[in-house]
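File shown: upload-v7.txt (compact mmCIF, C-alpha atoms and all ligand atoms).
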# COMPACT_ATOMS: atom_id res chain seq x y z
CA MET A 28 138.61 209.40 89.08
CA SER A 29 141.63 211.23 90.47
CA ILE A 30 141.40 212.60 94.00
CA LEU A 31 143.39 215.32 95.74
CA ILE A 32 144.02 214.86 99.44
CA THR A 33 145.31 218.13 100.80
CA TYR A 34 146.20 219.06 104.34
CA ALA A 35 147.39 221.74 106.77
CA SER A 36 149.62 220.45 109.55
CA CYS A 37 151.94 222.08 112.12
CA SER A 38 153.73 219.06 113.56
CA GLY A 39 153.14 216.44 110.88
CA SER A 40 150.41 214.26 112.39
CA THR A 41 147.66 215.55 110.08
CA ALA A 42 149.99 215.10 107.11
CA GLU A 43 150.33 211.42 108.06
CA ILE A 44 146.54 211.08 108.33
CA ALA A 45 146.30 212.53 104.80
CA GLU A 46 148.90 209.99 103.62
CA ALA A 47 146.88 207.15 105.19
CA ILE A 48 143.73 208.39 103.41
CA GLY A 49 145.72 208.50 100.16
CA GLU A 50 147.01 204.94 100.67
CA THR A 51 143.50 203.65 101.39
CA LEU A 52 142.17 205.14 98.16
CA SER A 53 145.21 203.97 96.16
CA GLN A 54 144.51 200.44 97.36
CA GLN A 55 141.07 200.80 95.78
CA GLY A 56 142.82 201.58 92.47
CA ILE A 57 142.09 205.32 92.59
CA PRO A 58 144.85 207.71 91.48
CA VAL A 59 145.59 210.23 94.26
CA ASP A 60 147.80 213.22 94.97
CA VAL A 61 148.57 213.98 98.62
CA ARG A 62 149.82 217.56 99.01
CA PRO A 63 150.10 220.29 101.66
CA MET A 64 147.52 223.02 100.98
CA THR A 65 150.27 225.60 100.61
CA ALA A 66 151.63 223.63 97.60
CA VAL A 67 148.29 223.40 95.74
CA THR A 68 147.69 226.05 93.11
CA ASP A 69 144.98 224.39 90.99
CA VAL A 70 142.25 221.92 91.95
CA THR A 71 140.58 221.76 88.52
CA PRO A 72 142.34 218.52 87.42
CA TYR A 73 140.75 216.52 90.24
CA GLN A 74 137.37 214.82 90.31
CA ALA A 75 137.08 215.16 94.09
CA ILE A 76 138.95 216.89 96.92
CA ILE A 77 139.57 215.77 100.50
CA ALA A 78 140.77 218.70 102.63
CA GLY A 79 141.89 218.37 106.24
CA SER A 80 143.57 220.41 108.93
CA ALA A 81 145.00 220.15 112.39
CA VAL A 82 142.93 222.08 114.95
CA ARG A 83 144.47 224.86 116.97
CA GLN A 84 142.41 226.86 119.44
CA GLU A 85 139.21 225.28 118.13
CA LYS A 86 139.89 226.29 114.54
CA TRP A 87 141.27 224.85 111.33
CA LEU A 88 144.73 226.28 110.67
CA PRO A 89 144.67 229.64 108.83
CA GLU A 90 146.21 228.18 105.65
CA ALA A 91 143.38 225.62 105.51
CA MET A 92 140.71 228.33 105.55
CA GLN A 93 142.75 230.30 103.00
CA PHE A 94 142.80 227.21 100.76
CA LEU A 95 138.99 226.92 100.85
CA GLU A 96 138.60 230.63 100.18
CA ALA A 97 141.07 230.62 97.28
CA HIS A 98 139.45 227.62 95.55
CA GLN A 99 135.86 228.12 96.65
CA GLN A 100 134.42 228.53 93.14
CA VAL A 101 135.99 225.38 91.71
CA LEU A 102 135.29 223.41 94.90
CA ALA A 103 131.60 224.30 94.57
CA GLN A 104 131.51 222.24 91.35
CA LYS A 105 133.18 219.12 92.79
CA PRO A 106 132.48 216.69 95.59
CA VAL A 107 134.46 217.62 98.69
CA ALA A 108 135.12 215.89 102.00
CA THR A 109 136.73 217.56 104.99
CA PHE A 110 138.44 216.29 108.11
CA LEU A 111 140.17 217.58 111.20
CA ALA A 112 142.66 216.23 113.72
CA GLY A 113 142.45 217.33 117.33
CA MET A 114 143.13 216.06 120.82
CA ALA A 115 139.54 216.58 121.99
CA MET A 116 138.65 213.39 120.07
CA ALA A 117 141.29 211.39 121.97
CA THR A 118 139.11 210.65 124.98
CA LYS A 119 138.12 207.03 125.71
CA ASN A 120 135.04 208.17 127.67
CA PRO A 121 131.98 207.75 125.38
CA ALA A 122 130.06 210.70 126.86
CA ARG A 123 133.09 213.00 126.60
CA TYR A 124 133.70 211.73 123.06
CA GLN A 125 130.14 212.65 122.01
CA LYS A 126 130.60 216.10 123.53
CA ALA A 127 133.94 216.49 121.76
CA LEU A 128 132.34 215.53 118.43
CA GLN A 129 129.64 218.13 118.97
CA SER A 130 132.22 220.82 119.71
CA ALA A 131 134.40 219.75 116.79
CA SER A 132 131.40 219.91 114.46
CA GLY A 133 131.12 223.57 115.50
CA TRP A 134 134.82 224.10 114.71
CA MET A 135 134.01 222.95 111.15
CA ALA A 136 131.25 225.54 110.75
CA PRO A 137 133.48 228.19 109.11
CA ALA A 138 134.64 225.60 106.54
CA ARG A 139 131.01 224.62 105.93
CA GLN A 140 130.28 228.25 105.02
CA LEU A 141 132.66 227.85 102.07
CA VAL A 142 132.14 224.26 100.90
CA HIS A 143 129.47 221.59 101.22
CA PRO A 144 131.22 218.41 102.26
CA VAL A 145 129.69 215.02 101.47
CA SER A 146 131.40 213.75 104.62
CA GLU A 147 133.37 215.15 107.56
CA GLY A 148 136.01 213.13 109.42
CA TYR A 149 136.83 213.83 113.06
CA PHE A 150 140.08 212.22 114.16
CA ALA A 151 142.17 212.18 117.31
CA GLY A 152 145.67 213.51 116.70
CA VAL A 153 149.05 213.62 118.37
CA LEU A 154 150.21 215.79 121.23
CA ASP A 155 153.94 215.99 121.84
CA LEU A 156 154.64 218.98 124.07
CA LYS A 157 158.33 218.95 123.12
CA LYS A 158 157.39 219.54 119.46
CA ILE A 159 155.38 222.71 120.15
CA LYS A 160 157.62 225.58 119.07
CA GLU A 161 155.77 228.44 120.78
CA LEU A 162 156.54 228.65 124.52
CA HIS A 163 153.14 230.09 125.48
CA PHE A 164 151.32 227.25 123.67
CA ARG A 165 153.64 224.71 125.34
CA ILE A 166 152.64 226.13 128.73
CA VAL A 167 148.89 226.19 127.93
CA LEU A 168 148.85 222.67 126.46
CA GLY A 169 151.05 221.42 129.32
CA SER A 170 148.49 222.59 131.86
CA MET A 171 145.65 221.04 129.83
CA VAL A 172 147.52 217.72 129.97
CA ARG A 173 148.04 218.07 133.76
CA LEU A 174 144.31 218.85 134.20
CA GLY A 175 143.43 215.71 132.21
CA LEU A 176 141.71 217.69 129.43
CA PHE A 177 144.03 216.48 126.67
CA PRO A 178 146.15 213.31 126.77
CA GLU A 179 149.74 213.36 125.49
CA GLY A 180 150.96 210.95 122.83
CA ASP A 181 149.78 209.53 119.53
CA HIS A 182 146.03 208.84 119.62
CA ARG A 183 145.37 208.43 115.92
CA ASP A 184 142.94 205.60 115.19
CA TRP A 185 144.21 204.28 111.87
CA GLU A 186 141.32 201.86 111.50
CA ALA A 187 138.74 204.67 111.87
CA ILE A 188 140.70 206.84 109.43
CA ARG A 189 140.87 204.06 106.80
CA GLU A 190 137.22 203.18 107.31
CA TRP A 191 136.17 206.80 106.73
CA ALA A 192 138.41 207.09 103.67
CA SER A 193 137.24 203.86 102.05
CA ALA A 194 133.58 205.00 102.10
CA LEU A 195 134.36 208.29 100.32
CA PRO A 196 134.52 207.20 96.65
CA THR A 197 130.93 205.92 96.80
CA GLN A 198 129.81 209.10 98.55
CA PHE A 199 131.57 211.21 95.93
CA THR A 200 129.87 209.32 93.10
CA THR A 201 126.45 209.51 94.73
CA GLU A 202 126.93 213.24 95.26
CA THR A 203 127.78 213.75 91.59
CA ALA A 204 124.74 211.69 90.53
CA THR A 205 122.46 213.75 92.79
CA GLU A 206 123.97 216.97 91.55
CA PHE A 207 123.33 216.06 87.92
CA SER A 208 119.93 214.44 88.35
CA GLY A 209 117.17 216.75 87.26
CA SER A 210 119.44 218.94 85.15
CA ALA A 211 118.55 219.30 81.49
CA PRO A 212 120.19 216.73 79.16
CA LEU A 213 123.03 218.06 77.08
CA ALA A 214 121.92 219.10 73.58
C1 LIG B 301 148.62 225.36 120.18
C2 LIG B 301 147.74 224.17 120.03
C3 LIG B 301 146.36 224.33 120.14
C4 LIG B 301 145.53 223.21 120.01
N1 LIG B 301 144.18 223.40 120.12
C5 LIG B 301 143.37 222.31 120.02
C6 LIG B 301 141.97 222.46 120.12
O1 LIG B 301 141.43 223.55 120.28
N2 LIG B 301 141.20 221.34 120.05
C7 LIG B 301 141.74 220.09 119.85
O2 LIG B 301 141.00 219.12 119.79
N3 LIG B 301 143.09 219.92 119.71
C8 LIG B 301 143.90 221.00 119.80
N4 LIG B 301 145.25 220.85 119.66
C9 LIG B 301 145.80 219.51 119.37
C10 LIG B 301 146.18 219.37 117.89
O3 LIG B 301 145.09 219.57 117.05
C11 LIG B 301 146.74 217.96 117.66
O4 LIG B 301 147.90 217.87 118.39
C12 LIG B 301 146.97 217.67 116.18
O5 LIG B 301 147.24 216.28 116.02
C13 LIG B 301 148.14 218.47 115.65
O6 LIG B 301 148.26 218.21 114.27
P1 LIG B 301 149.63 218.45 113.48
O7 LIG B 301 150.65 217.46 114.04
O8 LIG B 301 149.28 218.10 112.07
O9 LIG B 301 150.03 219.85 113.66
C14 LIG B 301 146.09 221.93 119.78
C15 LIG B 301 147.48 221.79 119.68
C16 LIG B 301 148.29 222.90 119.80
C17 LIG B 301 149.77 222.70 119.69
In structure tokens, how does this file's structure come out?
Ligand SMILES: Cc1cc2nc3c(=O)[nH]c(=O)nc-3n(C[C@H](O)[C@H](O)[C@H](O)COP(=O)(O)O)c2cc1C
Amino acid sequence: MSILITYASCSGSTAEIAEAIGETLSQQGIPVDVRPMTAVTDVTPYQAIIAGSAVRQEKWLPEAMQFLEAHQQVLAQKPVATFLAGMAMATKNPARYQKALQSASGWMAPARQLVHPVSEGYFAGVLDLKKIKELHFRIVLGSMVRLGLFPEGDHRDWEAIREWASALPTQFTTETATEFSGSAPLA
């Protein structure tokens, strides 16, 4: 089984999550390619696809949605998992975390219209105000930090990311088995 892990990232933190997913699967002996979505032209060689994006303004990045749209037909025939990275998941408060997960599940709804993931990963990301290129976003995110809505810094939970990734191969295989069960045997 060869798996594509593909990502959309503005400041690099989602790319590093994708790399960590790739390393986890490699350690299980699975061949992987980790690529930015903008560099992927063909998904047919892969047995499964893991697609993830940074969240901006409660949405996957535009290139991530474009990727799903462009490859929708092939993706419909393969097991897919999706993930997102956002600061809403960075809270340590369990009630706020549950609320954030609920909201983030809604942010995935447009992706779910295009693919049917076997699993969705929701990960806390990184917020470094200095790295935000657009002044207006720097101001908005700066005030969210001051109001205590988003924390600054690196909040990625590598253990949670690896745990999610290591369960995927089994989920992919089960999905394929389910998909094929009940279909007519090949002549
Ligand atoms: C302009 C902007 C908007 C953002 N909007 C959200 C958001 O709506 N929800 C959220 O949870 N995180 C939001 N974030 C936080 C990013 O998703 C987080 O920093 C992520 O790790 C960035 O990934 P990247 O380094 O791959 O670009 C936003 C960040 C920026 C810069």
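Atom CA of A:Val107 is positioned 7.6 Å from atom CA of A:Phe199.
Among the candidates A:Ser29, A:Thr118, A:Gln104, A:Thr65, the residue lying nearest to ligand LIG 301 (chain B) is A:Thr118 (atoms considered: all atoms listed in the file).
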Extract, using all atoms listed in the file, all DNA, RNA and protein residues at most 9 Å from stretch 67-83 of chain A, discarding same-chain residues fewer than 5 positions from it, and format them as an MDAnalysis selection string.
-> chainID A and resid 28:38 40:42 44:45 48 59 62 88 90:91 94:95 98 101:102 105:114 134 144 148 152 196 199
Out of A:Lys119, A:Arg139, A:Arg173, A:Arg183, which residue has the shortest atom-to-atom distance to ligand LIG 301 (chain B) when counting only C-alpha atoms and all ligand atoms?
-> A:Arg183
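Restricting the calculation to all atoms listed in the file, the smallest distance between ligand LIG 301 (chain B) and any of A:Asn120, A:Thr51, A:Gln93, A:Gln129 is found for A:Gln129.
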Determine the nearest neighbour of ligand LIG 301 (chain B) from the options A:Ala187, A:Val145, A:Ala138, A:Leu128, counting only C-alpha atoms and all ligand atoms.
-> A:Leu128
What separation in Å, quoted to one decimal, exists between atom CA of A:Ala115 and atom C7 of ligand LIG 301 (chain B)?
-> 4.7 Å
Close residues, A:His182 itself excluded, 9 Å, all atoms listed in the file, min 4 positions apart in chain, as an MDAnalysis selection string = chainID A and resid 114 116:118 150:154 178
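Taking all atoms listed in the file into account, ligand LIG 301 (chain B) lies nearest to A:Val167 out of the set A:Val167, A:Val172, A:Ala122, A:Ala47.
Candidate residues A:Leu156, A:Val142, A:Leu162, A:Leu195 were compared for distance to A:Ala103, and the nearest is A:Val142, using all atoms listed in the file.
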